[in-house]
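A short worksheet on the structure shown next.
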Amino acid sequence: MDQLALLFVLLLGALVSVPVGDRFGLPAPVLMTVFGGLLAVADFVPDVNIPPELILPGLLPPLLYAAVRRTSWRQFTANIRPIFLLAVALVFVTTVCVAYVANAIVPGLSIGAAVALGALIAPPDPVAATSVAGQLGLPRRLVSILEGEGLFNDVTAIVLYHVAIAAVVSGTFSAWQAGLDLVLSAVVAVVVGVALGWGANKLMDLLGDPTLQIGMTLLVPYASYVLAEKLHGSGVLAVLTTALFLAEYATDADDVMTRLAGYTFWDIIDTLVTGVAFGLIGLELHNAIRTAEGRWGELIGWAAAVTGVVIVVRLVWLLPATWLTKRLHARRDYDEEIPVSWRETVVMWWSGMRGVASVALALAVPLTLDDGAPFPDRDEIVFIAFGVIVVTLVLQGLTLPWLVKRLGVRADSEREKEFEKELAVRAAKAAKGRLREIEQVEDLPEDLAEQMLRRAFDIGIRISPDMGEEERREAQLQRAKRLRRIRRIQNEMMSAARHEVLAARSEPGADPEIVDRVLRHLDVRSLR
């Protein structure tokens with residue numbers, strides 16, 4: 001098997017892991033890590049030869065962009081306090097604790113190298129956390145905090161990592177310079193992110209065609225990451241800024257085709273890239289085994305100690321941080337999504353899985369210093385990092401569903417239904433309001449006006465059948481049943497039409513392009 005064949009195997013595994021994970025209640029990223037680990041020990045599987053400097057820019061931009069599509073700027077600003085405590089403060093605390101322990105137990109490990117180790121394993125993986133949380137039906141407030149933490153902790157960790165690596169490689173360190181670099185990195189990233197977001201928004205208006213617009217959304221995250229890194233900014237923060245800008249300002253409510261196609265496209269990209277990324281984590285087992293030959297005892301001991309520090313520090317930090325956030329939350333004028341019980345805090349603790357960013361940063365540790373000497377204890381750093389990633393990802397990922405079920409932490413389905421119903425009512429009222437405006441400027445026949453009024457209400461009924469409680473519930477339920485029957489018959493009619501048009505594709509003299517155009521028209525009509 002060569003490298004290209006291995007890539008196709010990982011892509012196939014990424015697709016298969018989704019239904020398998022759904023069937024057994026296990027997270028697909030964790031299954032892909034296990035699958036990659038099994039491939040790593042197989043004799044016919046080659047070593048993965050991906051330049052470390054290409055892993056972060058190759059995998060992170062699309063993963064981050066896909067994750068941001070599930071959130072919003074308003075949600076981020078509403079949860080700024082818990083996100084800050086997790087994504088910034090906790091990363092600093094974890095880095096310091098890991099550096100202290102690693103420096104104490106690994107003979108000859110310098111402070112700078114220990115800080116680099118702490119920084120690269122400090123951030124929980126955003127993809128693993130959101131993938132696992134999304135499948136388990138956790139309360140939306142927990143998912144929001146985990147998403148925010150996962151999206152922004154990489155920014156802090158990567159800057160700390162680069163500062164530590166630069167100090168080890170050059171042999172010099174300035175706290176003032178490090179702080180200045182952190183601020184400048186953030187400023188440059190935000191400026192680049194906003195500028196590219198604004199430019200991409202204008203360019204997509206110019207492109208017009210949904211296919212071209214969706215293609216632009218694939219290029220923009222990469223452009224944002226690369227440009228920010230070239231200007232010595234944070235590529236991760238630039239991608240997040242660009243994605244949040246586009247999510248806020250590049251959404252046209254009437255651009256149905258682009259939105260539907262965009263959802264499908266990014267679901268596919270997210271599934272494939274996530275599978276490859278976590279498969280690569282498992283494949284790194286091959287290098288870890290090679291590093292540990294003859295030293296299994298001490299290396300496993302070091303990795304276990306650092307893993308324990310990472311897990312314990314997260315719990316010890318979350319307990320007072322959650323209490324503090326609750327105290328401050330009581331003084332706020334709006335709802336802030338925070339854990340409301342110790343059970344939810346425990347689930348948040350056990351959701352701190354490491355992943356793609358940690359692997360990429362570990363592999364990106366330089367081989368030599370500025371003076372040509374080997375980077376001190378590089379093999380040990382990579383092995384310990386890999387041990388932490390595997391234990392947190394596989395052990396916590398596989399046991400998190402059991403823990404969630406055991407603690408009984410579930411989403412408030414009644415509250416979600418109420419909110420859905422509220423949106424349905426608002427949608428129906430908006431449609432009725434627009435109908436009244438049209439009636440004021442156009443002379444609509446009475447039967448047509450009544451039909452349009454029923455359709456306006458049907459908009460809400462399709463979203464939430466229960467919204468008819470407020471006005472003539474029984475009559476509306478009967479109308480909803482009739483509407484569903486009409487919809488079923490219409491679907492069967494449209495299906496017959498599509499089959500007939502598709503059959504014409506095989507007829508002599510048929511133009512496939514015209515057939516596909518007509519079929520696309522029928523598909524769009526079917527969505528209405």
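The chains in the structure tokens are called A, B, ... from first to last as shown; in each chain the residues are counted from 1, and the ligands are counted from 1 in the order shown.
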Who sits within 12 Å of A:Phe92, only C-alpha atoms, same chain under 5 positions skipped, as a ChimeraX atom specification: /A:84-87,97-99,115-116,118-123,153-161,310,313-314,317
Exercise: A:Glu298 partners within 12 Å, only C-alpha atoms, chain neighbours under 4 positions left out, as a PyMOL selection string: chain A and resi 105-107+291-294+302-305+380+383-384
Skip stretch 36-42 of chain A itself and residues of its chain fewer than 6 positions away, then list as a PDB file with all heavy atoms, in the first residue's frame all residues within 6 Å of it, counting only C-alpha atoms.
ATOM      1  N   GLY A 279      -7.694   9.805  11.797  1.00  0.00           N
ATOM      2  CA  GLY A 279      -6.981   8.616  11.328  1.00  0.00           C
ATOM      3  C   GLY A 279      -5.481   8.812  11.380  1.00  0.00           C
ATOM      4  O   GLY A 279      -4.718   7.900  11.737  1.00  0.00           O
ATOM      5  N   GLY A 282      -4.112   8.181  14.844  1.00  0.00           N
ATOM      6  CA  GLY A 282      -3.865   6.765  15.099  1.00  0.00           C
ATOM      7  C   GLY A 282      -2.638   6.237  14.384  1.00  0.00           C
ATOM      8  O   GLY A 282      -1.884   5.426  14.929  1.00  0.00           O
ATOM      9  N   LEU A 283      -2.405   6.706  13.155  1.00  0.00           N
ATOM     10  CA  LEU A 283      -1.247   6.242  12.392  1.00  0.00           C
ATOM     11  C   LEU A 283       0.080   6.662  13.032  1.00  0.00           C
ATOM     12  O   LEU A 283       1.115   6.037  12.792  1.00  0.00           O
ATOM     13  CB  LEU A 283      -1.317   6.779  10.964  1.00  0.00           C
ATOM     14  CG  LEU A 283      -2.349   6.096  10.050  1.00  0.00           C
ATOM     15  CD1 LEU A 283      -2.534   6.869   8.762  1.00  0.00           C
ATOM     16  CD2 LEU A 283      -1.912   4.657   9.744  1.00  0.00           C
ATOM     17  N   LEU A 285       0.906   6.166  15.866  1.00  0.00           N
ATOM     18  CA  LEU A 285       1.302   5.114  16.804  1.00  0.00           C
ATOM     19  C   LEU A 285       2.569   4.420  16.331  1.00  0.00           C
ATOM     20  O   LEU A 285       3.395   3.978  17.139  1.00  0.00           O
ATOM     21  CB  LEU A 285       0.162   4.094  16.950  1.00  0.00           C
ATOM     22  CG  LEU A 285       0.427   2.875  17.839  1.00  0.00           C
ATOM     23  CD1 LEU A 285       0.685   3.316  19.267  1.00  0.00           C
ATOM     24  CD2 LEU A 285      -0.752   1.912  17.772  1.00  0.00           C
ATOM     25  N   HIS A 286       2.735   4.341  15.014  1.00  0.00           N
ATOM     26  CA  HIS A 286       3.917   3.689  14.448  1.00  0.00           C
ATOM     27  C   HIS A 286       5.191   4.392  14.910  1.00  0.00           C
ATOM     28  O   HIS A 286       6.167   3.746  15.357  1.00  0.00           O
ATOM     29  CB  HIS A 286       3.824   3.704  12.921  1.00  0.00           C
ATOM     30  CG  HIS A 286       4.763   2.759  12.250  1.00  0.00           C
ATOM     31  ND1 HIS A 286       6.111   3.006  12.124  1.00  0.00           N
ATOM     32  CD2 HIS A 286       4.550   1.546  11.662  1.00  0.00           C
ATOM     33  CE1 HIS A 286       6.684   2.007  11.486  1.00  0.00           C
ATOM     34  NE2 HIS A 286       5.754   1.102  11.191  1.00  0.00           N
TER      35      HIS A 286
END
task: Name the closest residue to A:Arg505 among the candidates A:Ala321, A:Ala228, A:Leu15, A:Leu519; distances are taken between atoms, counting only C-alpha atoms.
output: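 Smallest distance to A:Arg505 is found for A:Leu519.
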query: Can you list every residue in stretch 263-393 of chain A that DSSP puts in alpha helix (DSSP H), as a PyMOL selection string?
result: chain A and resi 263-283+285-291+296-329+342-350+356-363+378-390
- request: For stretch 203-215 of chain A, list every protein, DNA or RNA residue within 8 Å, evaluated using only C-alpha atoms, and leave out those in the same chain fewer than 6 positions away; present the list as a ChimeraX atom specification.
  value: /A:257-258,261-262,265
query: Which residue gives the smallest distance to A:Val168 among A:Ile311, A:Val365, A:Ile289, A:Val93, with only C-alpha atoms counted?
result: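 Checking each of A:Ile311, A:Val365, A:Ile289, A:Val93 against A:Val168, counting only C-alpha atoms, the winner is A:Val365.
The gap separating atom CA of A:Glu492 from atom CA of A:Ala456 is 24.1 Å, in Å to one decimal.
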